[in-house]
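**Q** Sending over work.pdb (PDB, C-alpha atoms and all ligand atoms).
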ATOM      1  CA  MET A  20     -56.694   0.974  10.102
ATOM      2  CA  LEU A  21     -54.294   1.993   7.315
ATOM      3  CA  ASN A  22     -56.022   2.858   4.066
ATOM      4  CA  LYS A  23     -54.712   1.826   0.674
ATOM      5  CA  SER A  24     -53.700   5.280  -0.550
ATOM      6  CA  PHE A  25     -51.666   5.856   2.603
ATOM      7  CA  ILE A  26     -49.833   2.570   2.052
ATOM      8  CA  ARG A  27     -49.254   3.503  -1.598
ATOM      9  CA  ARG A  28     -47.821   6.871  -0.624
ATOM     10  CA  LEU A  29     -45.681   5.300   2.075
ATOM     11  CA  THR A  30     -44.345   2.725  -0.420
ATOM     12  CA  ALA A  31     -43.532   5.493  -2.913
ATOM     13  CA  ALA A  32     -41.745   7.504  -0.221
ATOM     14  CA  LEU A  33     -39.700   4.482   0.886
ATOM     15  CA  LEU A  34     -38.808   3.680  -2.718
ATOM     16  CA  LEU A  35     -37.628   7.248  -3.231
ATOM     17  CA  LEU A  36     -35.417   7.009  -0.135
ATOM     18  CA  VAL A  37     -33.882   3.801  -1.444
ATOM     19  CA  LEU A  38     -33.222   5.454  -4.826
ATOM     20  CA  ILE A  39     -31.634   8.515  -3.219
ATOM     21  CA  GLY A  40     -29.520   6.186  -1.100
ATOM     22  CA  THR A  41     -28.339   4.322  -4.208
ATOM     23  CA  ALA A  42     -27.573   7.528  -6.114
ATOM     24  CA  ASP A  43     -25.568   8.751  -3.148
ATOM     25  CA  ARG A  44     -23.541   5.550  -3.071
ATOM     26  CA  GLU A  45     -22.875   5.749  -6.805
ATOM     27  CA  ALA A  46     -21.495   9.242  -6.489
ATOM     28  CA  ARG A  47     -18.752   8.122  -4.139
ATOM     29  CA  ALA A  48     -15.344   7.759  -5.642
ATOM     30  CA  HIS A  49     -13.405   4.518  -5.539
ATOM     31  CA  PHE A  50      -9.626   4.513  -5.368
ATOM     32  CA  GLY A  51      -7.053   1.814  -5.829
ATOM     33  CA  MET A  52      -4.538   2.439  -3.063
ATOM     34  CA  ILE A  53      -0.865   1.683  -2.471
ATOM     35  CA  ILE A  54       0.297   3.405   0.677
ATOM     36  CA  PRO A  55       3.953   2.852   1.558
ATOM     37  CA  SER A  56       5.263   3.368   5.068
ATOM     38  CA  ASP A  57       7.410   6.198   3.675
ATOM     39  CA  ASP A  58       7.934   8.018   0.375
ATOM     40  CA  ILE A  59      11.647   8.527   1.046
ATOM     41  CA  VAL A  60      14.093   5.893   2.226
ATOM     42  CA  ASP A  61      17.415   7.230   3.485
ATOM     43  CA  ARG A  62      20.129   6.126   5.847
ATOM     44  CA  GLN A  63      18.143   7.244   8.868
ATOM     45  CA  SER A  64      14.959   5.382   7.996
ATOM     46  CA  ALA A  65      14.336   1.663   7.959
ATOM     47  CA  PRO A  66      15.384   0.191   4.583
ATOM     48  CA  SER A  67      12.248  -1.917   4.500
ATOM     49  CA  VAL A  68       9.107  -0.345   3.057
ATOM     50  CA  GLU A  69       5.750  -1.718   4.165
ATOM     51  CA  LEU A  70       3.044  -1.306   1.550
ATOM     52  CA  ASP A  71      -0.709  -1.415   2.147
ATOM     53  CA  ILE A  72      -2.697  -2.275  -0.963
ATOM     54  CA  MET A  73      -6.453  -1.870  -0.940
ATOM     55  CA  PHE A  74      -9.528  -0.641  -2.753
ATOM     56  CA  ALA A  75     -11.399   2.010  -0.836
ATOM     57  CA  HIS A  76     -13.166   5.314  -0.375
ATOM     58  CA  PRO A  77     -10.122   7.054   1.142
ATOM     59  CA  PHE A  78     -11.754  10.152   2.605
ATOM     60  CA  GLU A  79     -14.739   8.328   4.034
ATOM     61  CA  GLY A  80     -12.556   5.555   5.411
ATOM     62  CA  GLU A  81     -14.397   2.604   3.927
ATOM     63  CA  SER A  82     -12.787  -0.305   2.116
ATOM     64  CA  MET A  83     -14.100  -2.781  -0.422
ATOM     65  CA  GLU A  84     -13.112  -6.416  -0.869
ATOM     66  CA  MET A  85     -10.025  -6.688  -3.035
ATOM     67  CA  ALA A  86      -9.291  -9.952  -4.800
ATOM     68  CA  GLN A  87      -5.694 -11.103  -5.185
ATOM     69  CA  PRO A  88      -4.140  -8.564  -7.581
ATOM     70  CA  ARG A  89      -3.160  -9.701 -11.063
ATOM     71  CA  SER A  90       0.245  -8.178 -10.648
ATOM     72  CA  PHE A  91       2.219  -6.145  -8.178
ATOM     73  CA  GLY A  92       5.779  -5.053  -8.698
ATOM     74  CA  VAL A  93       8.389  -2.357  -8.714
ATOM     75  CA  VAL A  94      10.294  -0.605 -11.499
ATOM     76  CA  ARG A  95      13.763   0.699 -10.681
ATOM     77  CA  GLY A  96      16.365   1.860 -13.171
ATOM     78  CA  GLY A  97      14.142   0.736 -16.058
ATOM     79  CA  ARG A  98      13.907  -2.838 -14.716
ATOM     80  CA  THR A  99      10.643  -4.383 -13.596
ATOM     81  CA  THR A 100      10.613  -6.829 -10.711
ATOM     82  CA  LEU A 101       7.362  -8.698 -10.171
ATOM     83  CA  LEU A 102       6.510  -9.035  -6.499
ATOM     84  CA  THR A 103       3.043 -10.565  -6.826
ATOM     85  CA  GLU A 104       4.203 -13.645  -4.879
ATOM     86  CA  THR A 105       5.202 -11.509  -1.909
ATOM     87  CA  LEU A 106       1.667 -10.200  -1.338
ATOM     88  CA  ARG A 107       0.066 -11.308   1.904
ATOM     89  CA  PRO A 108      -3.689 -11.127   2.463
ATOM     90  CA  THR A 109      -4.826  -8.952   5.319
ATOM     91  CA  THR A 110      -7.963  -7.212   6.493
ATOM     92  CA  ALA A 111      -8.326  -3.503   5.887
ATOM     93  CA  ARG A 112      -9.992  -1.824   8.818
ATOM     94  CA  LEU A 113     -10.506   1.760   7.848
ATOM     95  CA  VAL A 114     -12.190   4.019  10.380
ATOM     96  CA  HIS A 115     -15.705   3.637   8.995
ATOM     97  CA  ASP A 116     -15.559   0.002   7.952
ATOM     98  CA  ALA A 117     -18.451  -1.897   9.498
ATOM     99  CA  SER A 118     -16.407  -5.040   9.021
ATOM    100  CA  GLY A 119     -12.968  -5.361   7.507
ATOM    101  CA  SER A 120     -12.453  -6.083   3.811
ATOM    102  CA  GLN A 121      -9.801  -8.236   2.236
ATOM    103  CA  SER A 122      -6.754  -6.211   1.299
ATOM    104  CA  TRP A 123      -3.045  -6.881   0.724
ATOM    105  CA  LYS A 124       0.281  -6.165   2.314
ATOM    106  CA  ALA A 125       3.857  -6.409   1.162
ATOM    107  CA  SER A 126       7.245  -5.471   2.451
ATOM    108  CA  TYR A 127      10.124  -4.564   0.229
ATOM    109  CA  SER A 128      13.674  -4.010   1.245
ATOM    110  CA  VAL A 129      15.235  -1.057  -0.575
ATOM    111  CA  LYS A 130      18.829  -2.001  -1.307
ATOM    112  CA  ARG A 131      19.870   0.276  -4.125
ATOM    113  CA  PRO A 132      19.634   4.009  -4.631
ATOM    114  CA  GLY A 133      17.075   5.269  -7.106
ATOM    115  CA  ASP A 134      13.395   5.843  -7.654
ATOM    116  CA  HIS A 135      11.215   2.824  -6.971
ATOM    117  CA  ILE A 136       7.907   2.890  -8.835
ATOM    118  CA  PHE A 137       5.550   0.416  -7.161
ATOM    119  CA  PHE A 138       2.490  -0.578  -9.172
ATOM    120  CA  VAL A 139      -0.510  -2.838  -8.881
ATOM    121  CA  GLU A 140      -2.943  -4.159 -11.443
ATOM    122  CA  PRO A 141      -6.052  -5.478  -9.670
ATOM    123  CA  GLU A 142      -8.605  -7.993 -10.855
ATOM    124  CA  PRO A 143     -11.647  -6.207 -12.360
ATOM    125  CA  TYR A 144     -13.996  -5.200  -9.539
ATOM    126  CA  TRP A 145     -17.705  -5.554 -10.229
ATOM    127  CA  GLU A 146     -19.604  -2.473  -9.011
ATOM    128  CA  PRO A 147     -23.359  -3.107  -9.146
ATOM    129  CA  ALA A 148     -24.167   0.549  -8.334
ATOM    130  CA  GLU A 149     -22.388   1.630 -11.527
ATOM    131  CA  ASP A 150     -23.319  -1.449 -13.587
ATOM    132  CA  SER A 151     -19.657  -1.538 -14.533
ATOM    133  CA  TYR A 152     -16.336  -3.144 -13.791
ATOM    134  CA  ILE A 153     -13.578  -1.021 -12.286
ATOM    135  CA  VAL A 154      -9.835  -1.561 -12.829
ATOM    136  CA  HIS A 155      -7.524   0.924 -11.141
ATOM    137  CA  TYR A 156      -3.892   0.725 -12.249
ATOM    138  CA  THR A 157      -2.270   2.201  -9.186
ATOM    139  CA  LYS A 158       1.232   3.405  -8.457
ATOM    140  CA  VAL A 159       3.351   5.181  -5.893
ATOM    141  CA  ILE A 160       6.956   6.297  -6.054
ATOM    142  CA  VAL A 161       9.441   5.784  -3.235
ATOM    143  CA  ASN A 162      12.866   7.375  -3.461
ATOM    144  CA  GLY A 163      15.868   5.383  -2.288
ATOM    145  CA  PHE A 164      18.960   7.045  -0.833
ATOM    146  CA  GLY A 165      18.647  10.346  -2.665
ATOM    147  CA  LYS A 166      19.244   9.184  -6.227
ATOM    148  CA  GLU A 167      16.462  10.855  -8.247
ATOM    149  CA  ASP A 168      16.598   9.119 -11.585
ATOM    150  CA  SER A 169      13.246   7.926 -12.876
ATOM    151  CA  TRP A 170      10.235   9.281 -11.016
ATOM    152  CA  ASP A 171       8.987  10.771 -14.317
ATOM    153  CA  SER A 172       9.262   7.600 -16.373
ATOM    154  CA  GLU A 173       6.263   5.825 -17.849
ATOM    155  CA  ILE A 174       6.167   2.180 -16.821
ATOM    156  CA  GLY A 175       3.704   1.030 -19.463
ATOM    157  CA  LEU A 176       0.444   0.526 -17.590
ATOM    158  CA  LYS A 177      -2.752   0.433 -19.650
ATOM    159  CA  THR A 178      -3.546   3.854 -18.228
ATOM    160  CA  GLU A 179      -1.066   5.849 -16.210
ATOM    161  CA  ILE A 180      -0.453   9.225 -14.602
ATOM    162  CA  ILE A 181       3.093  10.367 -15.328
ATOM    163  CA  PRO A 182       4.144  12.942 -12.759
ATOM    164  CA  LEU A 183       5.418  16.324 -13.960
ATOM    165  CA  SER A 184       6.210  17.344 -10.390
ATOM    166  CA  ARG A 185       8.586  15.118  -8.434
ATOM    167  CA  PRO A 186       6.093  12.914  -6.570
ATOM    168  CA  TYR A 187       7.926  12.754  -3.215
ATOM    169  CA  GLY A 188       9.467  15.323  -0.938
ATOM    170  CA  LEU A 189       6.437  17.542  -1.580
ATOM    171  CA  TYR A 190       5.481  20.362   0.757
ATOM    172  CA  THR A 191       1.927  21.007   1.790
ATOM    173  CA  GLY A 192       0.603  23.610  -0.661
ATOM    174  CA  ASN A 193       2.806  22.506  -3.574
ATOM    175  CA  LEU A 194       1.276  22.335  -7.004
ATOM    176  CA  PHE A 195       1.261  18.727  -8.147
ATOM    177  CA  ARG A 196       1.232  18.250 -11.918
ATOM    178  CA  GLY A 197       0.860  15.176 -14.052
ATOM    179  CA  ILE A 198      -0.101  13.937 -17.471
ATOM    180  CA  VAL A 199      -2.746  11.295 -18.106
ATOM    181  CA  HIS A 200      -2.027   8.518 -20.600
ATOM    182  CA  VAL A 201      -4.130   5.675 -21.980
ATOM    183  CA  ASP A 202      -2.185   3.188 -24.120
ATOM    184  CA  GLY A 203       0.809   5.510 -23.940
ATOM    185  CA  LYS A 204      -0.990   8.533 -25.380
ATOM    186  CA  PRO A 205      -2.184  11.695 -23.634
ATOM    187  CA  VAL A 206      -5.898  11.974 -22.832
ATOM    188  CA  PRO A 207      -7.124  15.518 -23.577
ATOM    189  CA  PHE A 208      -9.550  16.866 -20.965
ATOM    190  CA  ALA A 209      -9.267  13.715 -18.844
ATOM    191  CA  GLU A 210     -11.302  13.849 -15.660
ATOM    192  CA  ILE A 211      -9.331  13.356 -12.465
ATOM    193  CA  GLU A 212     -10.779  12.660  -9.047
ATOM    194  CA  VAL A 213      -8.657  13.710  -6.101
ATOM    195  CA  GLU A 214      -9.108  12.451  -2.588
ATOM    196  CA  TYR A 215      -7.338  12.761   0.748
ATOM    197  CA  PHE A 216      -6.630   9.626   2.759
ATOM    198  CA  ASN A 217      -8.491  10.588   5.907
ATOM    199  CA  GLU A 218      -6.685   7.874   7.806
ATOM    200  CA  ASN A 219      -7.762   8.769  11.329
ATOM    201  CA  GLY A 220     -11.224   9.857  10.262
ATOM    202  CA  ASN A 221     -10.802  13.130  12.140
ATOM    203  CA  LEU A 222     -11.629  15.318   9.136
ATOM    204  CA  THR A 223     -15.183  16.095   8.108
ATOM    205  CA  ALA A 224     -16.220  17.408   4.718
ATOM    206  CA  PRO A 225     -18.321  20.623   4.989
ATOM    207  CA  ASP A 226     -20.516  19.167   2.245
ATOM    208  CA  ALA A 227     -20.522  15.947   0.209
ATOM    209  CA  ALA A 228     -18.990  17.895  -2.697
ATOM    210  CA  PHE A 229     -15.736  18.312  -0.740
ATOM    211  CA  VAL A 230     -15.096  14.579  -0.300
ATOM    212  CA  THR A 231     -13.839  14.100  -3.853
ATOM    213  CA  GLN A 232     -12.177  17.028  -5.584
ATOM    214  CA  VAL A 233     -12.672  16.981  -9.343
ATOM    215  CA  ILE A 234     -10.293  18.483 -11.870
ATOM    216  CA  LYS A 235      -9.829  18.212 -15.611
ATOM    217  CA  ALA A 236      -6.722  17.955 -17.694
ATOM    218  CA  ASP A 237      -6.045  20.464 -20.444
ATOM    219  CA  ASP A 238      -6.001  19.689 -24.179
ATOM    220  CA  ARG A 239      -2.639  17.899 -23.767
ATOM    221  CA  GLY A 240      -3.801  15.747 -20.847
ATOM    222  CA  VAL A 241      -1.918  17.805 -18.255
ATOM    223  CA  PHE A 242      -3.504  18.564 -14.886
ATOM    224  CA  SER A 243      -2.424  20.367 -11.750
ATOM    225  CA  TYR A 244      -3.641  20.441  -8.168
ATOM    226  CA  ALA A 245      -2.449  22.491  -5.192
ATOM    227  CA  VAL A 246      -2.258  20.090  -2.257
ATOM    228  CA  PRO A 247      -3.897  21.766   0.753
ATOM    229  CA  LYS A 248      -2.967  19.447   3.594
ATOM    230  CA  ALA A 249      -0.175  17.164   4.763
ATOM    231  CA  GLY A 250      -0.793  13.471   4.223
ATOM    232  CA  TRP A 251      -1.478  11.061   1.387
ATOM    233  CA  TRP A 252      -3.413  12.219  -1.662
ATOM    234  CA  GLY A 253      -4.786  10.004  -4.425
ATOM    235  CA  PHE A 254      -5.345  11.087  -8.043
ATOM    236  CA  ALA A 255      -7.562   8.870 -10.204
ATOM    237  CA  ALA A 256      -7.879   9.676 -13.918
ATOM    238  CA  LEU A 257     -10.878   7.765 -15.213
ATOM    239  CA  SER A 258     -11.589   6.471 -18.715
ATOM    240  CA  THR A 259     -13.777   3.802 -20.242
ATOM    241  CA  ASP A 260     -11.925   0.855 -21.731
ATOM    242  CA  THR A 261     -12.560  -0.105 -25.350
ATOM    243  CA  ARG A 262     -13.098  -3.714 -24.212
ATOM    244  CA  THR A 263     -16.109  -4.946 -22.281
ATOM    245  CA  LEU A 264     -16.274  -7.769 -19.746
ATOM    246  CA  GLU A 265     -19.111 -10.221 -19.240
ATOM    247  CA  HIS A 266     -21.172 -10.168 -16.092
ATOM    248  CA  ASN A 267     -23.722 -13.000 -15.897
ATOM    249  CA  GLY A 268     -23.484 -13.370 -19.656
ATOM    250  CA  THR A 269     -24.000  -9.668 -20.474
ATOM    251  CA  PRO A 270     -21.155  -7.446 -21.722
ATOM    252  CA  LYS A 271     -20.498  -4.600 -19.304
ATOM    253  CA  PRO A 272     -18.300  -1.497 -19.555
ATOM    254  CA  VAL A 273     -14.949  -1.366 -17.786
ATOM    255  CA  GLU A 274     -13.901   1.837 -16.038
ATOM    256  CA  ILE A 275     -10.114   2.069 -16.106
ATOM    257  CA  GLY A 276      -8.403   4.388 -13.689
ATOM    258  CA  ALA A 277      -4.838   5.642 -13.637
ATOM    259  CA  VAL A 278      -4.129   6.229  -9.974
ATOM    260  CA  ILE A 279      -1.117   7.798  -8.310
ATOM    261  CA  TRP A 280      -0.575   8.452  -4.611
ATOM    262  CA  ILE A 281       1.594  11.290  -3.330
ATOM    263  CA  ARG A 282       2.409  12.533   0.125
ATOM    264  CA  ALA A 283       2.610  16.141   1.231
ATOM    265  CA  THR A 284       4.626  17.082   4.297
ATOM    266  CA  ASP A 285       4.518  20.253   6.374
ATOM    267  CA  MET A 286       7.611  22.423   6.687
ATOM    268  CA  ILE A 287       9.321  21.915   9.998
ATOM    269  CA  THR A 288      10.264  24.848  12.208
ATOM    270  CA  THR A 289      13.387  24.017  14.133
ATOM    271  CA  ARG A 290      13.269  26.888  16.589
TER     272      ARG A 290
HETATM  273 CU    CU B 301     -17.447   1.400  -3.099
END
Represent the structure of the file as structure tokens.
Ligand SMILES: [Cu+2]
**A**
Amino acid sequence: MLNKSFIRRLTAALLLLVLIGTADREARAHFGMIIPSDDIVDRQSAPSVELDIMFAHPFEGESMEMAQPRSFGVVRGGRTTLLTETLRPTTARLVHDASGSQSWKASYSVKRPGDHIFFVEPEPYWEPAEDSYIVHYTKVIVNGFGKEDSWDSEIGLKTEIIPLSRPYGLYTGNLFRGIVHVDGKPVPFAEIEVEYFNENGNLTAPDAAFVTQVIKADDRGVFSYAVPKAGWWGFAALSTDTRTLEHNGTPKPVEIGAVIWIRATDMITTR
């Protein structure tokens, strides 16, 4: 027969496991994602760009439910075109998703030369593990037909990473630099989480610490990161909004993230 103290110790041990499990979940980084089918559109490639929009843990290959975004659009030549109506719901099935989560898809036909800055503003996502809402203002830049005119422009998101390195046509190993803004002003010593989109799930982190790389901006809000592998990389600069949002009648903090996705490509040996 089980005695009481054994049951008490067992309960305590189980509780501890649950707590460790929760802490582990909290530590994992969320990323708003916009992954285009290509970062460069030229005469050889298809003029239509397919964009996958989701909310996920990119390295671990797990997605979260994403409500219909508040806005989705593209800025080209200083003009904003809202494309929210073109979003189609789909189911993200990342490699470690137990079941698929709602995500979004769009296709955009690139007609004119120039830099196309795609952006998405999601609905606030309630994260019970962090007792906080999360809003990731996410962007990606696709170049059209070689005209490099505005990849470094600020498009006026609440919080935004403005690239200081051209964010396409990057080689593996390049140093990517950017500046973090909130309300149009630099954020000194901003914290930036960096994660690789482990799309096929064939990469394993040697330790949990490798999943999300963490860097800090300098006193002017400028950060840099040497990209170690070909593929898509996400940078999320995180701040706490001055506003709060109610959850079940209680005001809760809102984590705002400025997210940018870039792609690194290996050099090609022709012979
Ligand atoms: Cu999550």
**Q** Taking only C-alpha atoms and all ligand atoms and a cut-off of 8 Å, can you tell me which residues surround ligand CU 301 (chain B), written as a list in words?
**A**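 Based on only C-alpha atoms and all ligand atoms, ligand CU 301 (chain B) is surrounded within 8 Å by Arg44, Glu45, Arg47, Ala48, His49, Ala75, His76, Glu81, Ser82, Met83 and Glu146 of chain A.
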**Q** Using the chain letters and numbers from the file, which residues does the PyMOL selection byres (((chain A and resi 62) around 12) and not hetatm) grab, as a ChimeraX atom specification?
**A** /A:59-61,63-67,129-132,162-165
**Q** What is the atom CA of Ile72 of chain A to atom CA of Lys124 of chain A distance in Å?
**A**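 Computed distance, atom CA of Ile72 of chain A to atom CA of Lys124 of chain A, equals 5.9 Å.
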**Q** Would you compute the distance between atom CA of Ile181 of chain A and atom CA of Tyr215 of chain A? Give it in Å to one decimal.
**A** 19.3 Å
**Q** Report, in Å to a single decimal, how far apart atom CA of Glu212 of chain A and atom CA of His115 of chain A are.
**A**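 It comes out at 20.8 Å.
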**Q** Enumerate, as a PyMOL selection string, the residues matched when the PyMOL selection byres (((chain A and resi 252-257) around 7) and not hetatm) is run on the file above.
**A** chain A and resi 50+199+209-216+250-251+258+274-282
**Q** Keeping C-alpha atoms for every residue in the selection just given, could you write it to a file as an mmCIF file, keeping the file's coordinate frame?
**A**
data_model
loop_
_atom_site.group_PDB
_atom_site.id
_atom_site.type_symbol
_atom_site.label_atom_id
_atom_site.label_comp_id
_atom_site.auth_asym_id
_atom_site.auth_seq_id
_atom_site.Cartn_x
_atom_site.Cartn_y
_atom_site.Cartn_z
ATOM 1 C CA PHE A 50 -9.626 4.513 -5.368
ATOM 2 C CA VAL A 199 -2.746 11.295 -18.106
ATOM 3 C CA ALA A 209 -9.267 13.715 -18.844
ATOM 4 C CA GLU A 210 -11.302 13.849 -15.660
ATOM 5 C CA ILE A 211 -9.331 13.356 -12.465
ATOM 6 C CA GLU A 212 -10.779 12.660 -9.047
ATOM 7 C CA VAL A 213 -8.657 13.710 -6.101
ATOM 8 C CA GLU A 214 -9.108 12.451 -2.588
ATOM 9 C CA TYR A 215 -7.338 12.761 0.748
ATOM 10 C CA PHE A 216 -6.630 9.626 2.759
ATOM 11 C CA GLY A 250 -0.793 13.471 4.223
ATOM 12 C CA TRP A 251 -1.478 11.061 1.387
ATOM 13 C CA SER A 258 -11.589 6.471 -18.715
ATOM 14 C CA GLU A 274 -13.901 1.837 -16.038
ATOM 15 C CA ILE A 275 -10.114 2.069 -16.106
ATOM 16 C CA GLY A 276 -8.403 4.388 -13.689
ATOM 17 C CA ALA A 277 -4.838 5.642 -13.637
ATOM 18 C CA VAL A 278 -4.129 6.229 -9.974
ATOM 19 C CA ILE A 279 -1.117 7.798 -8.310
ATOM 20 C CA TRP A 280 -0.575 8.452 -4.611
ATOM 21 C CA ILE A 281 1.594 11.290 -3.330
ATOM 22 C CA ARG A 282 2.409 12.533 0.125
#
**Q** Please enumerate the residues selected by the PyMOL selection byres (((chain A and resi 140) around 6) and not hetatm) when evaluated against the supplied file, formatted as a list of chain:residue names.
**A**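 Those residues are A:Pro88, A:Arg89, A:Ser90, A:Val139, A:Pro141, A:Tyr156.
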**Q** Choose the residue, out of A:Glu104, A:Glu84, A:Asp237, A:Asp150, that has the smallest atom-to-atom separation from Ser120 of chain A; count only C-alpha atoms.
**A**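 That would be A:Glu84, the residue with the smallest distance to Ser120 of chain A.
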**Q** My list of candidates is A:Phe229, A:Trp145, A:Tyr190, A:Phe195. Which is closest to Ala249 of chain A when distances are computed with only C-alpha atoms?
**A** A:Tyr190
**Q** Centre and edge lengths, as AutoDock Vina command-line options, for the axis-aligned box enclosing every listed atom of segment 76-93 of chain A with 6 Å of padding on each of the six sides, in Å to one decimal?
**A**
--center_x -3.2 --center_y -0.5 --center_z -2.8 --size_x 35.1 --size_y 33.3 --size_z 28.5
**Q** Excluding Glu218 of chain A and any residue of its chain fewer than 2 positions from it, enumerate the residues within 8 Å of it, using only C-alpha atoms, and give them as a PyMOL selection string.
**A** chain A and resi 77-78+80+113-114+216+220-221
**Q** Under the rule that only C-alpha atoms are counted, which of A:Thr178, A:Ala236, A:Val68, A:Pro186 is the nearest residue to Ser128 of chain A?
**A**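 The shortest atom-to-atom distance to Ser128 of chain A comes from A:Val68.
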**Q** So, counting all atoms listed in the file, which residue among A:Thr110, A:Gln121, A:Thr191, A:Thr100 is closest to Met286 of chain A?
**A**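 Result for the nearest residue to Met286 of chain A: A:Thr191.
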**Q** For Gly240 of chain A, please output as a PyMOL selection string all residues within 12 Å (counting all atoms listed in the file; exclusion window: fewer than 4 positions along the same chain).
**A** chain A and resi 179-183+196-201+203-211+234-236+256
**Q** Residues of segment 132-155 of chain A that approach segment 260-270 of chain A to 10 Å or less, counting all atoms listed in the file: could you list each one with the shortest pair of atoms and its distance in Å to one decimal, rows by chain and increasing residue number, as JSON lines?
**A**
{"residue": "A:Pro143", "atom": "CA", "partner": "A:Leu264", "partner_atom": "CA", "distance": 8.9}
{"residue": "A:Trp145", "atom": "CA", "partner": "A:His266", "partner_atom": "CA", "distance": 8.2}
{"residue": "A:Asp150", "atom": "CA", "partner": "A:His266", "partner_atom": "CA", "distance": 9.3}
{"residue": "A:Ser151", "atom": "CA", "partner": "A:Leu264", "partner_atom": "CA", "distance": 8.8}
{"residue": "A:Tyr152", "atom": "CA", "partner": "A:Leu264", "partner_atom": "CA", "distance": 7.5}
{"residue": "A:Ile153", "atom": "CA", "partner": "A:Asp260", "partner_atom": "CA", "distance": 9.8}
{"residue": "A:Val154", "atom": "CA", "partner": "A:Asp260", "partner_atom": "CA", "distance": 9.5}
**Q** Which one is closest to Met52 of chain A: A:Leu106, A:Val159, A:Ala117, A:Leu101? Count all atoms listed in the file.
**A**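 With all atoms listed in the file as the atom set, the closest residue is A:Val159.
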**Q** Give the answer as one residue: which of A:Val230, A:Ser243, A:Ser122, A:Glu173 has the shortest atom-to-atom distance to Glu79 of chain A, using only C-alpha atoms?
**A**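 Closest to Glu79 of chain A of all the choices is A:Val230.
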